[in-house]
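Undergrad: My questions will all concern the structure given below.
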Amino acid sequence: MPEPAKKAASAFTKKPKSSEAVAGGTVVFEAETEKKDTKVKWQRDSADIVASEKYLITADGNKHSLTINSISKEDDVVYSAIAGSSKVKFELKVKEQQEKTENAAASSSASSEGQPQASHEQEAPAESQQPDTRQDLTGLFLEKPQSGEVTMGANITFIAKVGSANLIKKPAVKWFKGKWMDLASKAGKHLQLKELYDRNTKVYTFEMQIIGAKANYSGAYRCEVSSKDKFDSCNFDLIVHEAHVEEIDIRAAFRRTSLIPGGKRKSTAGGSSCDGGEEAGELDFSALLRKREATQVSNEPEVDVWDILKKAPASEYEKIAFQYGITDLRGMLKRLKRMKKEEKKSEAFLKKLDPAYQVDKGHKMKIVVEVADPDAEVKWLKNGQEIKISGSKYIFENVGNKRILTINNCSLADDAAYQCVIGEEKCFTELFVKEPPVLIVQSLEDQMAMKGERVEFVCEVSEEGALVKWEKDGVELTREETFKYRFKKDGRKHYLIINEATKEDCGHYMVKTNGGESVAELMVQEKDLEVYQSIADLTVKARDQAVFKCEVSDENVKGIWYKNGMEVKASDRVHITHIGRNHKLTIDDVKPEDEGDYTFVPEGYAFNLSAKLNFLEVKIDYVPRQDPPKIHLDCVGHTPETTIIVVAGNKLRLDVPITGDPAPTVVWTKADKGKTRPPKSEESSDMEFSADLMKDGKVISDTDGRVHVETLKDHCVFTIEGAEREDEGVYTVVVKNPAGEDTADITVKVVDVPDPPQAPKIVSLGEDWCNVQWEPPAFNGGQPILGYVLERKKKKSYRWMRLNFDPHKGLTYEAKRMIEGMAYEMRIYAVNAIGMSRPSAPSQPFVPIAPTSEPHCLTVDDITDTSISLKWRPPERVGAAGLDGYTVEYCKEGTDEWVPAFEGLTERTSVNIKNLPTGEKMQFRVRAVNVAGASTPATLTQPVTIREIMQRPKIWIPRNLRQTVIKRVGETINIVLPFQGKPRPKVTWTKEGEALDPKQVGVRNSDFDTILFIRRSERKDSGKYDVAVQIENMEDKASLHIQVVDKPGPPQNLKITDVWGFNVALEWKPPKDNGNCEITGYTIQKADKKTMEWFNVYEHYRRTNCVASDLIMGNEYIFRVFAVNMCGLSEEPCTSKDSAYIQKTGIVYKPPTYKEHDFSEAPKFTHPLVNRSVISGYNATLSCALRGWPKPKVVWYKNKMDISNEPKYRMFSKQGVLTLEIRKPCPFDGGTYTCKAINDLGEAEVECRLEVRAYVAKEASQEK
């Protein structure tokens, strides 16, 4: 067994202890630390306590204290003090003032049988401290058992609480160790299971108490609770540290609580019986009588209950178990039987294996046993199979008398039963391999796909080969759906693949392991063909080339080109190309007939792209030599002042036709800063133009930078490569020659995508939605903003998911279909006619949460002249934000001024509002509050008048009290009678018309019930009890009958009335004292005078005479009779004064004569030979079954030839089974084999066919 982890050293030298206080008082908790400069932090229900008027925190050196003033019932919680890595928990128990007074009166008169309750404090490093789950509950548990540590020999109790208010039937709880070891069968000396029930709070408390802890008790435990169709479970751990084992009171280990003669358990302070049966939920204030300074110490000698059971006869087992509080009789008998088997001391083992070991998966485990003989050889078995040495998995060691089995890298296959064997002696143990939870290392990412695309979800887990479960919208995806989904594993990565996504595949996909889960969303959109570049109008001169080009989003889309509605066919002059997403129509050597409207139609889509081809006919006319320059912008359809729009990043080319003789000089200027330069050659014979570009007073050469000009024969070309925003402006072209000049202005506007918007803001949140708001971008790119595109992602993810594909025109957007409790970020794109901007900065992370639904079932529980009690049920929907508490408000009828009933929030579902005006009509409402805010209020249907309502007194007798209440002598009588009546009625108890004796009977009254309590019942307490509830002149009465029973006295006058043969007739009279109940029967026993050992003759025999039969001849017998009633056997029997002697008689035994049976039978084969096909070279056998008598002679034949003397064959016969063995047969040995059997009564034979295949020939044929 691995050595348990050592407990960290405590920073406290004095720890604060649990305390009790009265409501309205003050309590002080003190602690001392080892070092003076250590800081101490105080917590209340795992929340830090801040110094205030209620909480006073002081520190003086190494002394620290917490003072709580004005204590109320809400302060009855768990507190803790933290210093460094040490944390100590303690409790504050708050009692009402009235209870304190009654406790003091009761403690002065009650006997000191109660024992002070010791609180079990745990201290552990803060890092390993288990969280307090009482504020974060799921399932059926109100309080889950917490992991704990204990030293060897000490006791520890694990507590689980289950609320039964919403349960149809009583919950059932099971405790387990490891995977499946049910601890109910282990109850006894070191383990106690208890069950308590509180009728007021309707809470079941289940306790598992480990007494005298041992080292092998360490490990993982599990508590399971079930009620009809509901189920919940909780895991916790126990660590046992080494310590000196002290003496333990064995009897106390088997008592549920303190025991009294009669074997019943006393009620606990919770006010209920531990049985959880018929009387579960009865109030018990016996704990109020236990408050005393000193406790009586029992002087009884310590007794081991197992020693008593070993020596007692089997008939006494039930009585002993009843006396010592052992409830699991089946488990007790199994353990007692095992102990009797183990009484024989092992000669081979000095120390056997522990009953069980536990190890984490992947760790090393050592199993040690000590043997008596140092030279003894041991064998280790696993699940009955011997363990062989194989690699480094198993290591066997012999160290003196110790034999050690080491198992390296334990896996789930090593979870088995192991044995150590020496000769014929064995010892057993079990190894439990604890599998660590599989964690999700890499979470799923949200996916967005187009219809028909392949989608792949991938996650990575912490362990290779782990099992995962995939779900879609809460429905598990199984192997039956492999046509739609495909699952793949690659090491620690798991994949979910959807080959062709459809709209039905949209939803939330979840991957689950036993240690976590991850969720991602899939959005599938229809494919919309987007046009990245449309075709543009062209103006082309004769014999030039015209190119129409467009780009779409899908490279697989084909298309058709049309001219004036007629399809364009490819030819030597017309070329149609499709490369990727680009479609191009090229027309070489343009002719006038090529002019027209050209259209591109994508296949499968209902839209087209159109453009016009303009043919430019250049006419050359005779021009006089002195022709003034002329700019012919109007020939291309433009006015002298026109605007050219170019997209940023695109190429701008301006073709300006000009004429003039001599050739004019062309100067391009921007912002009226151009200057003229003389022409390069004025005497050129050909008409040549010169052109310059001047910007900001500087001349830009033809090849300088992005902007340049080019001069051709009849026009000038102005080009801007990769237009930018600063290229925008008014460009002036000036042409000059000696004959004159001409000027034209061209406005160039550069348009671009807009600037990114500012980071969006989240203005409101809901359960799975949020409202986003943003501002327009500072620059719209020169084009109106068409809308915005939004994206979101999970905070820890890198994948952005688009929320809308069509631009959203507004400045607010409601994003939906988010996961509640998950952190998200948002960002915005601005869209204009040019395209989409860069994304904005992401928003601040936000978590979609929503307020809870409204509380329901708000009702008035009670009302007085100045107060009202309200109660309600929690909201049906709480959500990921949880529930912080409730606010309660009230207002007078006809006003809207709502007044809070108290400051802050309350976690309870009931409240008592005081100091209300008498006679006023008031309205009340309740809201549930969490981080997201307050829910819609739950209100009463109509106003309530603050006035106490007179109610007639009425006693409600429970069903179990309507018949006689039967108790045994010494048991506690605790009777609760609920009643109604306002104002509080006066309650009076009488017995047989007389007042009760306060020394023997206790009575406690409350506003709604009365309790009759007898600590130790006696026979004289039997009788009729009357209770009266009176309010002024109104009264109600009820009666109940109590019967206190005891064991009966012995029967009388047992006589032997007759003796004959082996029979004795007995007769007796009923006992004088029947124990105050009916005699249910008698137990008659006999004993031989020689041995005086008593044996039962009859049990539960109802008559007063009987006949004892089957007595042994020659023996002398005496008899005794016990009376039996519902309490058991009488303490003393009635024994016969005379004895009965069974006379010997001369009897001669004559054995019966039987006719000898004739077993003769002719041979008969009960199982024939079977045709076989064997491989050459391997021994073969033929078998059949034969019967017959006398034993037949058997002869074997092969192909009708006797082979009895052939050395190749061996014949066997065993218990009628005949076997022929053929040693290493060859193909020659094939044939028909016959088995013939012969005896005096006949003969029989069977045959079969044997085929021998050549092994070498078959291999050769396979290779070919």
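The chains in the structure tokens are called A, B, ... from first to last as shown; in each chain the residues are counted from 1, and the ligands are counted from 1 in the order shown.
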Could you give me, as number ranges by chain, the residues within 10 Å of Glu435 (chain A), counting only C-alpha atoms and dropping anything in the same chain fewer than 5 positions from it?
TA: A: 359-362, 410-412
Undergrad: Keeping C-alpha atoms, export the residues of the selection given above as a PDB file, in the first residue's frame.
TA:
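Result file follows (part_38.pdb):
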ATOM      1  CA  VAL A 359      -3.564   2.754  -6.828  1.00  0.00           C
ATOM      2  CA  ASP A 360      -3.924   5.484  -9.437  1.00  0.00           C
ATOM      3  CA  LYS A 361      -3.746   4.528 -13.082  1.00  0.00           C
ATOM      4  CA  GLY A 362      -0.169   4.683 -14.422  1.00  0.00           C
ATOM      5  CA  CYS A 410      -0.914   0.010 -13.494  1.00  0.00           C
ATOM      6  CA  SER A 411      -3.782   0.025 -15.977  1.00  0.00           C
ATOM      7  CA  LEU A 412      -7.486  -0.846 -15.767  1.00  0.00           C
TER       8      LEU A 412
END
Undergrad: Can you tell me, as a ChimeraX atom specification, what residues are no more than 6 Å from region 19-24 of chain A when counting only C-alpha atoms, ignoring any on the same chain fewer than 4 positions away?
TA: /A:70-72,92-96
Undergrad: Considering only C-alpha atoms, return as a ChimeraX atom specification whatever protein or nucleic-acid residues lie within 12 Å of Phe1212 (chain A), sequence-local ones (same chain, fewer than 3 positions apart) excluded.
TA: /A:1181-1185,1194-1196,1204,1209,1215-1222
Undergrad: Take the residues just selected and output them with C-alpha atoms as a PDB file, in the first residue's frame.
TA:
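Full text of result13.pdb as output:
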ATOM      1  CA  THR A1181      -7.727 -38.661 -33.482  1.00  0.00           C
ATOM      2  CA  LEU A1182     -11.052 -40.327 -34.218  1.00  0.00           C
ATOM      3  CA  SER A1183     -13.502 -40.770 -31.294  1.00  0.00           C
ATOM      4  CA  CYS A1184     -16.838 -42.467 -30.655  1.00  0.00           C
ATOM      5  CA  ALA A1185     -18.889 -43.573 -27.599  1.00  0.00           C
ATOM      6  CA  VAL A1194     -13.253 -53.488 -30.003  1.00  0.00           C
ATOM      7  CA  VAL A1195     -11.484 -53.844 -33.401  1.00  0.00           C
ATOM      8  CA  TRP A1196     -10.416 -50.933 -35.676  1.00  0.00           C
ATOM      9  CA  SER A1204      -4.958 -53.431 -34.416  1.00  0.00           C
ATOM     10  CA  TYR A1209      -1.992 -46.418 -34.604  1.00  0.00           C
ATOM     11  CA  GLN A1215     -15.334 -45.062 -19.615  1.00  0.00           C
ATOM     12  CA  GLY A1216     -17.000 -46.019 -22.879  1.00  0.00           C
ATOM     13  CA  VAL A1217     -15.171 -43.445 -25.073  1.00  0.00           C
ATOM     14  CA  LEU A1218     -13.106 -45.139 -27.850  1.00  0.00           C
ATOM     15  CA  THR A1219     -10.275 -43.179 -29.427  1.00  0.00           C
ATOM     16  CA  LEU A1220      -8.004 -44.027 -32.376  1.00  0.00           C
ATOM     17  CA  GLU A1221      -4.832 -41.898 -32.601  1.00  0.00           C
ATOM     18  CA  ILE A1222      -3.026 -41.697 -35.974  1.00  0.00           C
TER      19      ILE A1222
END
Undergrad: Please identify the strand (DSSP E) residues within region 692-932 of chain A (assignment by DSSP from backbone atoms) and present them as a PyMOL selection string.
TA: chain A and resi 692-695+698-700+707-711+715-720+729-737+740-751+761-765+770-773+785-794+801-802+812-815+824-832+856-863+868-873+885-892+899-900+910-913+921-930
Undergrad: CA of Glu1018 (chain A) and CA of Ala1038 (chain A), how far apart in Å?
TA: 22.9 Å
